[in-house]
Structures are given as C-alpha cells and as structure tokens.
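Source file data00.cif; content: mmCIF, C-alpha atoms.
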```
data_query
loop_
_atom_site.group_PDB
_atom_site.id
_atom_site.type_symbol
_atom_site.label_atom_id
_atom_site.label_comp_id
_atom_site.auth_asym_id
_atom_site.auth_seq_id
_atom_site.Cartn_x
_atom_site.Cartn_y
_atom_site.Cartn_z
ATOM 1 C CA MET A 161 0.000 0.000 0.000
ATOM 2 C CA GLU A 162 2.804 2.364 0.833
ATOM 3 C CA TYR A 163 4.343 1.799 -2.622
ATOM 4 C CA ASP A 164 1.014 2.459 -4.360
ATOM 5 C CA SER A 165 0.561 5.621 -2.325
ATOM 6 C CA LEU A 166 4.016 6.889 -3.231
ATOM 7 C CA LEU A 167 3.420 6.065 -6.907
ATOM 8 C CA ASP A 168 0.129 7.965 -6.933
ATOM 9 C CA ARG A 169 1.839 10.929 -5.307
ATOM 10 C CA ALA A 170 4.633 10.873 -7.849
ATOM 11 C CA PHE A 171 2.175 10.884 -10.750
ATOM 12 C CA SER A 172 0.206 13.723 -9.194
ATOM 13 C CA ASP A 173 3.398 15.796 -8.977
ATOM 14 C CA LEU A 174 4.186 15.356 -12.667
ATOM 15 C CA PRO A 175 3.525 18.415 -14.878
ATOM 16 C CA ASP A 176 0.623 18.279 -17.288
ATOM 17 C CA ARG A 177 1.448 16.732 -20.632
ATOM 18 C CA PRO A 178 2.609 19.480 -22.992
ATOM 19 C CA GLN A 179 0.171 20.490 -25.682
ATOM 20 C CA GLU A 180 1.175 20.785 -29.281
ATOM 21 C CA ALA A 181 2.614 24.163 -30.256
ATOM 22 C CA GLY A 182 -0.440 24.994 -32.355
ATOM 23 C CA GLU A 183 -2.767 24.310 -29.421
ATOM 24 C CA ARG A 184 -0.707 26.206 -26.869
ATOM 25 C CA LEU A 185 0.076 29.320 -28.914
ATOM 26 C CA LYS A 186 -3.004 31.417 -29.602
ATOM 27 C CA ILE A 187 -2.037 34.362 -31.796
ATOM 28 C CA PRO A 188 -4.698 36.990 -32.567
ATOM 29 C CA GLU A 189 -5.514 37.489 -36.231
ATOM 30 C CA ALA A 190 -3.734 40.506 -37.701
ATOM 31 C CA GLN A 191 -5.966 43.563 -38.032
ATOM 32 C CA GLY A 192 -4.994 46.075 -40.688
ATOM 33 C CA GLU A 193 -6.331 49.235 -42.243
ATOM 34 C CA THR A 194 -5.217 51.427 -45.134
ATOM 35 C CA ASP A 195 -4.115 54.968 -44.349
ATOM 36 C CA GLY A 196 -3.271 56.695 -47.609
ATOM 37 C CA ALA A 197 0.162 55.535 -48.693
ATOM 38 C CA PHE A 198 0.515 53.513 -45.484
ATOM 39 C CA THR A 199 -0.978 50.360 -44.016
ATOM 40 C CA ARG A 200 -1.568 50.074 -40.280
ATOM 41 C CA LEU A 201 -1.271 46.954 -38.143
ATOM 42 C CA THR A 202 -3.625 47.987 -35.377
ATOM 43 C CA ASN A 203 -3.181 45.095 -32.937
ATOM 44 C CA LEU A 204 0.596 44.624 -32.916
ATOM 45 C CA ASN A 205 0.731 44.878 -29.110
ATOM 46 C CA ALA A 206 -1.810 42.080 -28.675
ATOM 47 C CA ILE A 207 0.079 39.835 -31.083
ATOM 48 C CA ALA A 208 3.426 40.532 -29.407
ATOM 49 C CA ASN A 209 1.919 39.912 -25.958
ATOM 50 C CA ALA A 210 0.532 36.557 -27.129
ATOM 51 C CA VAL A 211 4.039 35.336 -27.962
ATOM 52 C CA SER A 212 5.699 37.161 -25.020
ATOM 53 C CA ARG A 213 7.928 39.314 -27.188
ATOM 54 C CA ASP A 214 8.732 43.019 -27.311
ATOM 55 C CA PRO A 215 6.379 44.794 -29.773
ATOM 56 C CA GLU A 216 9.184 47.038 -31.033
ATOM 57 C CA HIS A 217 11.315 43.961 -31.782
ATOM 58 C CA MET A 218 8.440 42.351 -33.679
ATOM 59 C CA HIS A 219 7.801 45.607 -35.556
ATOM 60 C CA ARG A 220 11.410 45.719 -36.797
ATOM 61 C CA SER A 221 11.155 42.120 -37.972
ATOM 62 C CA ILE A 222 7.894 42.795 -39.833
ATOM 63 C CA GLN A 223 9.526 45.770 -41.552
ATOM 64 C CA ARG A 224 12.326 43.488 -42.709
ATOM 65 C CA GLU A 225 9.920 40.826 -43.953
ATOM 66 C CA LEU A 226 7.788 43.353 -45.840
ATOM 67 C CA GLY A 227 10.862 45.101 -47.247
ATOM 68 C CA THR A 228 9.690 48.532 -46.175
ATOM 69 C CA ASN A 229 10.052 51.218 -43.529
ATOM 70 C CA GLY A 230 7.517 52.075 -40.872
ATOM 71 C CA GLN A 231 6.794 53.604 -37.510
ATOM 72 C CA PHE A 232 5.608 52.201 -34.191
ATOM 73 C CA ASP A 233 4.086 54.596 -31.634
ATOM 74 C CA GLY A 234 3.764 52.098 -28.806
ATOM 75 C CA GLN A 235 0.226 51.121 -29.766
ATOM 76 C CA GLN A 236 -0.099 50.826 -33.530
ATOM 77 C CA ALA A 237 2.402 50.092 -36.268
ATOM 78 C CA ARG A 238 2.368 51.797 -39.647
ATOM 79 C CA TYR A 239 4.197 50.578 -42.744
ATOM 80 C CA ASN A 240 4.981 52.403 -45.964
ATOM 81 C CA GLY A 241 3.037 50.836 -48.824
ATOM 82 C CA SER A 242 -0.087 48.776 -49.362
ATOM 83 C CA PHE A 243 -0.201 45.411 -47.597
ATOM 84 C CA THR A 244 -2.890 42.810 -47.048
ATOM 85 C CA ILE A 245 -3.799 40.842 -43.935
ATOM 86 C CA ALA A 246 -2.148 37.848 -45.616
ATOM 87 C CA ASP A 247 1.102 39.848 -45.925
ATOM 88 C CA PHE A 248 1.036 40.644 -42.221
ATOM 89 C CA LYS A 249 0.193 37.036 -41.328
ATOM 90 C CA ALA A 250 3.136 35.727 -43.349
ATOM 91 C CA ALA A 251 5.494 38.209 -41.674
ATOM 92 C CA ILE A 252 4.192 37.288 -38.206
ATOM 93 C CA ASP A 253 4.433 33.551 -38.948
ATOM 94 C CA SER A 254 8.049 34.075 -40.010
ATOM 95 C CA TYR A 255 8.744 35.960 -36.771
ATOM 96 C CA VAL A 256 7.251 33.152 -34.672
ATOM 97 C CA ALA A 257 9.296 30.533 -36.529
ATOM 98 C CA GLU A 258 12.480 32.568 -36.071
ATOM 99 C CA TYR A 259 12.154 34.162 -32.646
ATOM 100 C CA VAL A 260 9.628 32.052 -30.715
ATOM 101 C CA THR A 261 9.544 28.377 -31.744
ATOM 102 C CA CYS A 262 12.220 26.093 -30.301
ATOM 103 C CA GLY A 263 14.328 24.527 -33.034
ATOM 104 C CA GLU A 264 14.716 21.323 -31.006
ATOM 105 C CA CYS A 265 11.250 20.439 -29.695
ATOM 106 C CA GLY A 266 9.092 22.777 -31.800
ATOM 107 C CA LEU A 267 7.307 24.277 -28.787
ATOM 108 C CA PRO A 268 6.813 28.013 -28.192
ATOM 109 C CA ASP A 269 7.874 27.928 -24.520
ATOM 110 C CA THR A 270 10.974 30.016 -25.085
ATOM 111 C CA ARG A 271 12.627 33.155 -23.812
ATOM 112 C CA LEU A 272 14.515 35.454 -26.166
ATOM 113 C CA VAL A 273 17.764 36.613 -24.587
ATOM 114 C CA ARG A 274 20.770 38.446 -25.932
ATOM 115 C CA GLU A 275 24.303 37.293 -25.112
ATOM 116 C CA ASP A 276 27.470 38.839 -26.548
ATOM 117 C CA GLY A 277 25.314 40.710 -29.068
ATOM 118 C CA ILE A 278 23.621 37.505 -30.295
ATOM 119 C CA ASP A 279 19.891 36.692 -30.088
ATOM 120 C CA MET A 280 19.482 33.341 -28.320
ATOM 121 C CA LEU A 281 16.396 31.204 -27.624
ATOM 122 C CA ARG A 282 16.206 29.417 -24.273
ATOM 123 C CA CYS A 283 13.498 26.738 -24.262
ATOM 124 C CA GLU A 284 11.700 26.165 -20.968
ATOM 125 C CA ALA A 285 10.180 22.919 -22.274
ATOM 126 C CA CYS A 286 13.234 20.931 -23.392
ATOM 127 C CA GLY A 287 16.135 23.030 -22.053
ATOM 128 C CA ALA A 288 17.649 23.814 -25.469
ATOM 129 C CA PHE A 289 19.703 27.004 -25.686
ATOM 130 C CA GLN A 290 20.656 28.027 -29.192
ATOM 131 C CA PRO A 291 21.168 31.042 -31.441
ATOM 132 C CA VAL A 292 18.172 32.347 -33.325
ATOM 133 C CA SER A 293 17.798 30.628 -36.688
ATOM 134 C CA LYS A 294 17.683 33.177 -39.492
ATOM 135 C CA ASN A 295 14.849 31.485 -41.336
ATOM 136 C CA SER A 296 13.661 34.644 -43.006
ATOM 137 C CA SER A 297 16.849 35.747 -44.764
ATOM 138 C CA LYS A 298 15.800 36.581 -48.294
ATOM 139 C CA GLY A 299 17.454 34.569 -51.009
ATOM 140 C CA LYS A 300 19.774 32.835 -48.545
ATOM 141 C CA ASN A 301 19.579 29.545 -50.392
ATOM 142 C CA GLN A 302 20.596 31.176 -53.654
ATOM 143 C CA ARG A 303 23.754 32.817 -52.316
ATOM 144 C CA GLN A 304 27.123 31.314 -51.637
ATOM 145 C CA PRO A 305 27.690 30.609 -47.922
ATOM 146 C CA GLU A 306 29.088 33.622 -46.100
ATOM 147 C CA LEU A 307 31.167 31.336 -43.898
ATOM 148 C CA GLU A 308 32.553 27.843 -44.430
ATOM 149 C CA GLU A 309 34.464 25.511 -42.171
ATOM 150 C CA GLY A 310 38.119 25.051 -43.140
ATOM 151 C CA ARG A 311 38.370 28.372 -45.006
ATOM 152 C CA THR A 312 40.308 31.466 -43.998
ATOM 153 C CA TYR A 313 38.888 34.981 -43.900
ATOM 154 C CA GLN A 314 40.137 38.421 -42.992
ATOM 155 C CA VAL A 315 37.887 39.966 -40.369
ATOM 156 C CA LYS A 316 37.837 42.985 -38.112
ATOM 157 C CA ILE A 317 37.435 42.346 -34.387
ATOM 158 C CA THR A 318 34.619 44.613 -33.239
ATOM 159 C CA GLY A 319 33.982 43.340 -29.728
ATOM 160 C CA THR A 320 34.985 41.068 -26.875
ATOM 161 C CA GLY A 321 33.053 38.023 -25.670
ATOM 162 C CA ARG A 322 32.459 37.142 -22.035
ATOM 163 C CA LYS A 323 35.393 34.712 -22.080
ATOM 164 C CA GLY A 324 37.736 37.312 -23.558
ATOM 165 C CA ASP A 325 37.578 36.064 -27.148
ATOM 166 C CA GLY A 326 37.607 38.566 -29.972
ATOM 167 C CA VAL A 327 34.252 38.893 -31.731
ATOM 168 C CA ALA A 328 33.835 39.644 -35.446
ATOM 169 C CA GLU A 329 30.873 39.761 -37.825
ATOM 170 C CA ARG A 330 30.610 38.359 -41.342
ATOM 171 C CA GLY A 331 27.179 38.541 -42.948
ATOM 172 C CA ASN A 332 24.720 36.832 -40.604
ATOM 173 C CA TYR A 333 27.536 35.116 -38.695
ATOM 174 C CA THR A 334 29.213 36.067 -35.440
ATOM 175 C CA ILE A 335 32.766 34.731 -35.189
ATOM 176 C CA PHE A 336 34.658 34.112 -31.945
ATOM 177 C CA VAL A 337 38.455 34.321 -32.187
ATOM 178 C CA PRO A 338 40.548 33.470 -29.096
ATOM 179 C CA GLY A 339 43.604 35.683 -28.782
ATOM 180 C CA ALA A 340 42.275 38.476 -30.989
ATOM 181 C CA LYS A 341 41.753 41.965 -29.589
ATOM 182 C CA GLU A 342 39.094 44.559 -30.347
ATOM 183 C CA GLY A 343 40.173 46.895 -33.153
ATOM 184 C CA GLN A 344 42.482 44.370 -34.833
ATOM 185 C CA THR A 345 42.055 43.129 -38.404
ATOM 186 C CA VAL A 346 43.141 39.489 -38.465
ATOM 187 C CA THR A 347 43.157 36.437 -40.707
ATOM 188 C CA VAL A 348 41.263 33.536 -39.161
ATOM 189 C CA LEU A 349 40.636 29.879 -39.961
ATOM 190 C CA ILE A 350 37.051 28.748 -39.359
ATOM 191 C CA GLU A 351 37.199 25.536 -37.346
ATOM 192 C CA ASN A 352 33.539 25.018 -36.531
ATOM 193 C CA ILE A 353 30.126 26.514 -37.339
ATOM 194 C CA SER A 354 27.017 26.119 -35.183
ATOM 195 C CA GLY A 355 23.893 27.923 -36.371
ATOM 196 C CA ASN A 356 25.006 31.463 -37.071
ATOM 197 C CA LEU A 357 28.026 31.208 -34.758
ATOM 198 C CA GLY A 358 31.537 30.613 -36.083
ATOM 199 C CA PHE A 359 34.499 29.470 -33.995
ATOM 200 C CA ALA A 360 37.925 30.269 -35.406
ATOM 201 C CA ARG A 361 41.610 30.489 -34.624
ATOM 202 C CA LEU A 362 44.199 32.967 -35.766
ATOM 203 C CA ALA A 363 45.737 31.780 -39.052
#
```

Transcribe the structure of this file into structure tokens.
Amino acid sequence: MEYDSLLDRAFSDLPDRPQEAGERLKIPEAQGETDGAFTRLTNLNAIANAVSRDPEHMHRSIQRELGTNGQFDGQQARYNGSFTIADFKAAIDSYVAEYVTCGECGLPDTRLVREDGIDMLRCEACGAFQPVSKNSSKGKNQRQPELEEGRTYQVKITGTGRKGDGVAERGNYTIFVPGAKEGQTVTVLIENISGNLGFARLA
C-alpha cells in the first residue's frame, strides 16, 4: 500500500502533458487598415503579448519581412506601402518561426535573450539554448555561404566576448576568435560553425 501511495503521489506531482505548439500558442488574427500611402497593423501589441515578445522587436522584424520602412508609436504600427492581412500574417508567422519556436522540440515555450550581441532562444520545455535561426533571410539559399568551415577569412574584431575572445561579424555570422583583440584586423581559420556562430583560430 505504501508503494502504491508513493506512486500515486509521484504521478500527481508530474507536470501536465505538454500540448502541441499549435494548441498552446493562440495568436490573434492581424488587423490592418489602409491609411493613404501607409498600411496600419492595429493590434501589434496584442500579437506581441501573445508570444511574449517586445512589440518594437516584432515591428522591426515585420519591416524586414515586408521590405519597407515604418513607424511604431507604442500602440499601432504603420508601414509604408499597401499590404494585405495575408502579408502581415506571413510576416508574423516568419517571426514566430524565427524568434519564438524552439528549433529542437518545436514548442513556443521560449525566452529570447541576448548574449554577446547575439539573439538566443532558451526553451523552458526541453532546455535547449541556441542562437536564433535566421529562417527569413531573403534569397539565402541562392547565395554562396558567407562562412565555411576550413576556409580562412580576414575579419575585423569589433567586440569582446564574455570569455575574452575577440568577436567579429561576417554577414549573418558572429565569429569568436581566441587571442584576438578589439580593433584588430586578423586572418582567421574557421574551425567550426554552429547555427550562425563561427568558432575560429588565428591563421
């Protein structure tokens, strides 16, 4: 009896079974209206709140997806040009895939944090911690890779990581270079690539 009691208690302490991402994440439908040469997204705050992200951050991403400029006044967003609800939905879906959904388990239980100038997703469901996947880069599949393992590149060190490594940028990639100092221009050999992070040594 004691064993059965302990087993029942253990099961009662288990968390509820996770729902599928589509069931758990309820995103309001985009609401838009035309304003002359502009199109407004009138419920950006509600959409951003639903995915627990900063509205200004989402606004900048939508601008990038739509290929236009715009303004955000803290309540409504306005974009230069004429856009449909479907355009806004596609941009928001891209944002969720890039900045909300965990690349490991596919669930939306993530926090967006910034470390050493890099956007990172920390998943509360599976524990994954990884750089944001740049799913929305236009034409990425048609271009040559900006960084390849085993190749050398000349880069400028523009920052310093938490462990003292030099940090450089090349396209969408952030490169960590042990022994390099901020302000230097150095030749590096790319030893490993993970997501949009490159790990190199001085060549």

I need the output of the PyMOL selection byres ((chain A and resi 334) around 10) for this file as a PDB file with C-alpha atoms, in the coordinates of the input; which residues are they?
```pdb
ATOM      1  CA  ASP A 276      27.470  38.839 -26.548  1.00  0.00           C
ATOM      2  CA  GLY A 277      25.314  40.710 -29.068  1.00  0.00           C
ATOM      3  CA  ILE A 278      23.621  37.505 -30.295  1.00  0.00           C
ATOM      4  CA  LEU A 307      31.167  31.336 -43.898  1.00  0.00           C
ATOM      5  CA  VAL A 327      34.252  38.893 -31.731  1.00  0.00           C
ATOM      6  CA  ALA A 328      33.835  39.644 -35.446  1.00  0.00           C
ATOM      7  CA  GLU A 329      30.873  39.761 -37.825  1.00  0.00           C
ATOM      8  CA  ARG A 330      30.610  38.359 -41.342  1.00  0.00           C
ATOM      9  CA  GLY A 331      27.179  38.541 -42.948  1.00  0.00           C
ATOM     10  CA  ASN A 332      24.720  36.832 -40.604  1.00  0.00           C
ATOM     11  CA  TYR A 333      27.536  35.116 -38.695  1.00  0.00           C
ATOM     12  CA  ILE A 335      32.766  34.731 -35.189  1.00  0.00           C
ATOM     13  CA  PHE A 336      34.658  34.112 -31.945  1.00  0.00           C
ATOM     14  CA  VAL A 337      38.455  34.321 -32.187  1.00  0.00           C
ATOM     15  CA  ILE A 353      30.126  26.514 -37.339  1.00  0.00           C
ATOM     16  CA  GLY A 355      23.893  27.923 -36.371  1.00  0.00           C
ATOM     17  CA  ASN A 356      25.006  31.463 -37.071  1.00  0.00           C
ATOM     18  CA  LEU A 357      28.026  31.208 -34.758  1.00  0.00           C
ATOM     19  CA  GLY A 358      31.537  30.613 -36.083  1.00  0.00           C
ATOM     20  CA  PHE A 359      34.499  29.470 -33.995  1.00  0.00           C
TER      21      PHE A 359
END
```

To test the calculation: enclose all listed atoms of stretch 248-263 of chain A in a box whose edges run along x, y and z, add 4 Å on each side, then state centre and edge lengths in Å to one decimal, as lines of an AutoDock Vina configuration file.
```
center_x = 7.3
center_y = 32.6
center_z = -36.8
size_x = 22.1
size_y = 24.1
size_z = 21.0
```

**Q.** Reference answer for the PyMOL selection byres ((chain A and resi 202) around 6), as a ChimeraX atom specification
**A.** /A:191-192,200-201,203-204,236

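Taking atom CA of A:Val260 as the reference point, atom CA of A:Ser221 is found at 12.5 Å.
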
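Running the PyMOL selection byres ((chain A and resi 341) around 10) on this file leaves Lys316, Ile317, Thr318, Gly319, Thr320, Gly324, Asp325, Gly326, Val327, Val337, Pro338, Gly339, Ala340, Glu342, Gly343, Gln344, Thr345 and Val346 of chain A selected.
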
For those residues, write C-alpha atoms to a file as a CSV table (one decimal), keeping the file's coordinate frame.
```
chain,number,residue,atom,x,y,z
A,316,LYS,CA,37.8,43.0,-38.1
A,317,ILE,CA,37.4,42.3,-34.4
A,318,THR,CA,34.6,44.6,-33.2
A,319,GLY,CA,34.0,43.3,-29.7
A,320,THR,CA,35.0,41.1,-26.9
A,324,GLY,CA,37.7,37.3,-23.6
A,325,ASP,CA,37.6,36.1,-27.1
A,326,GLY,CA,37.6,38.6,-30.0
A,327,VAL,CA,34.3,38.9,-31.7
A,337,VAL,CA,38.5,34.3,-32.2
A,338,PRO,CA,40.5,33.5,-29.1
A,339,GLY,CA,43.6,35.7,-28.8
A,340,ALA,CA,42.3,38.5,-31.0
A,342,GLU,CA,39.1,44.6,-30.3
A,343,GLY,CA,40.2,46.9,-33.2
A,344,GLN,CA,42.5,44.4,-34.8
A,345,THR,CA,42.1,43.1,-38.4
A,346,VAL,CA,43.1,39.5,-38.5
```

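For the pair atom CA of A:Asp279 and atom CA of A:Leu362, the separation is 25.2 Å.
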
Q: Please provide the set of residues having any atom within 6 Å of A:Asn240, restricted to only C-alpha atoms, with same-chain residues fewer than 4 positions apart removed, written as number ranges by chain.
A: A: 198, 229-230

Q: Grab the atom CA of A:Pro291 to atom CA of A:Phe232 distance for me, in Å with one decimal place.
A: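 So the answer is 26.4 Å.
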
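Distances here use all atoms listed in the file; by that measure, the residue among A:Cys265, A:Met280, A:Ala190, A:Cys286 closest to A:Ile245 is A:Ala190.
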
Q: Considering all atoms listed in the file, return as a PyMOL selection string whatever protein or nucleic-acid residues lie within 12 Å of A:Arg311, sequence-local ones (same chain, fewer than 5 positions apart) excluded.
A: chain A and resi 305-306+347-353+358-363

Please produce an output containing C-alpha atoms for each residue in the selection, written as a JSON list (two decimals), in the coordinates of the input.
```json
[["chain", "number", "residue", "atom", "x", "y", "z"],
["A", 305, "PRO", "CA", 27.69, 30.61, -47.92],
["A", 306, "GLU", "CA", 29.09, 33.62, -46.10],
["A", 347, "THR", "CA", 43.16, 36.44, -40.71],
["A", 348, "VAL", "CA", 41.26, 33.54, -39.16],
["A", 349, "LEU", "CA", 40.64, 29.88, -39.96],
["A", 350, "ILE", "CA", 37.05, 28.75, -39.36],
["A", 351, "GLU", "CA", 37.20, 25.54, -37.35],
["A", 352, "ASN", "CA", 33.54, 25.02, -36.53],
["A", 353, "ILE", "CA", 30.13, 26.51, -37.34],
["A", 358, "GLY", "CA", 31.54, 30.61, -36.08],
["A", 359, "PHE", "CA", 34.50, 29.47, -33.99],
["A", 360, "ALA", "CA", 37.92, 30.27, -35.41],
["A", 361, "ARG", "CA", 41.61, 30.49, -34.62],
["A", 362, "LEU", "CA", 44.20, 32.97, -35.77],
["A", 363, "ALA", "CA", 45.74, 31.78, -39.05]]
```
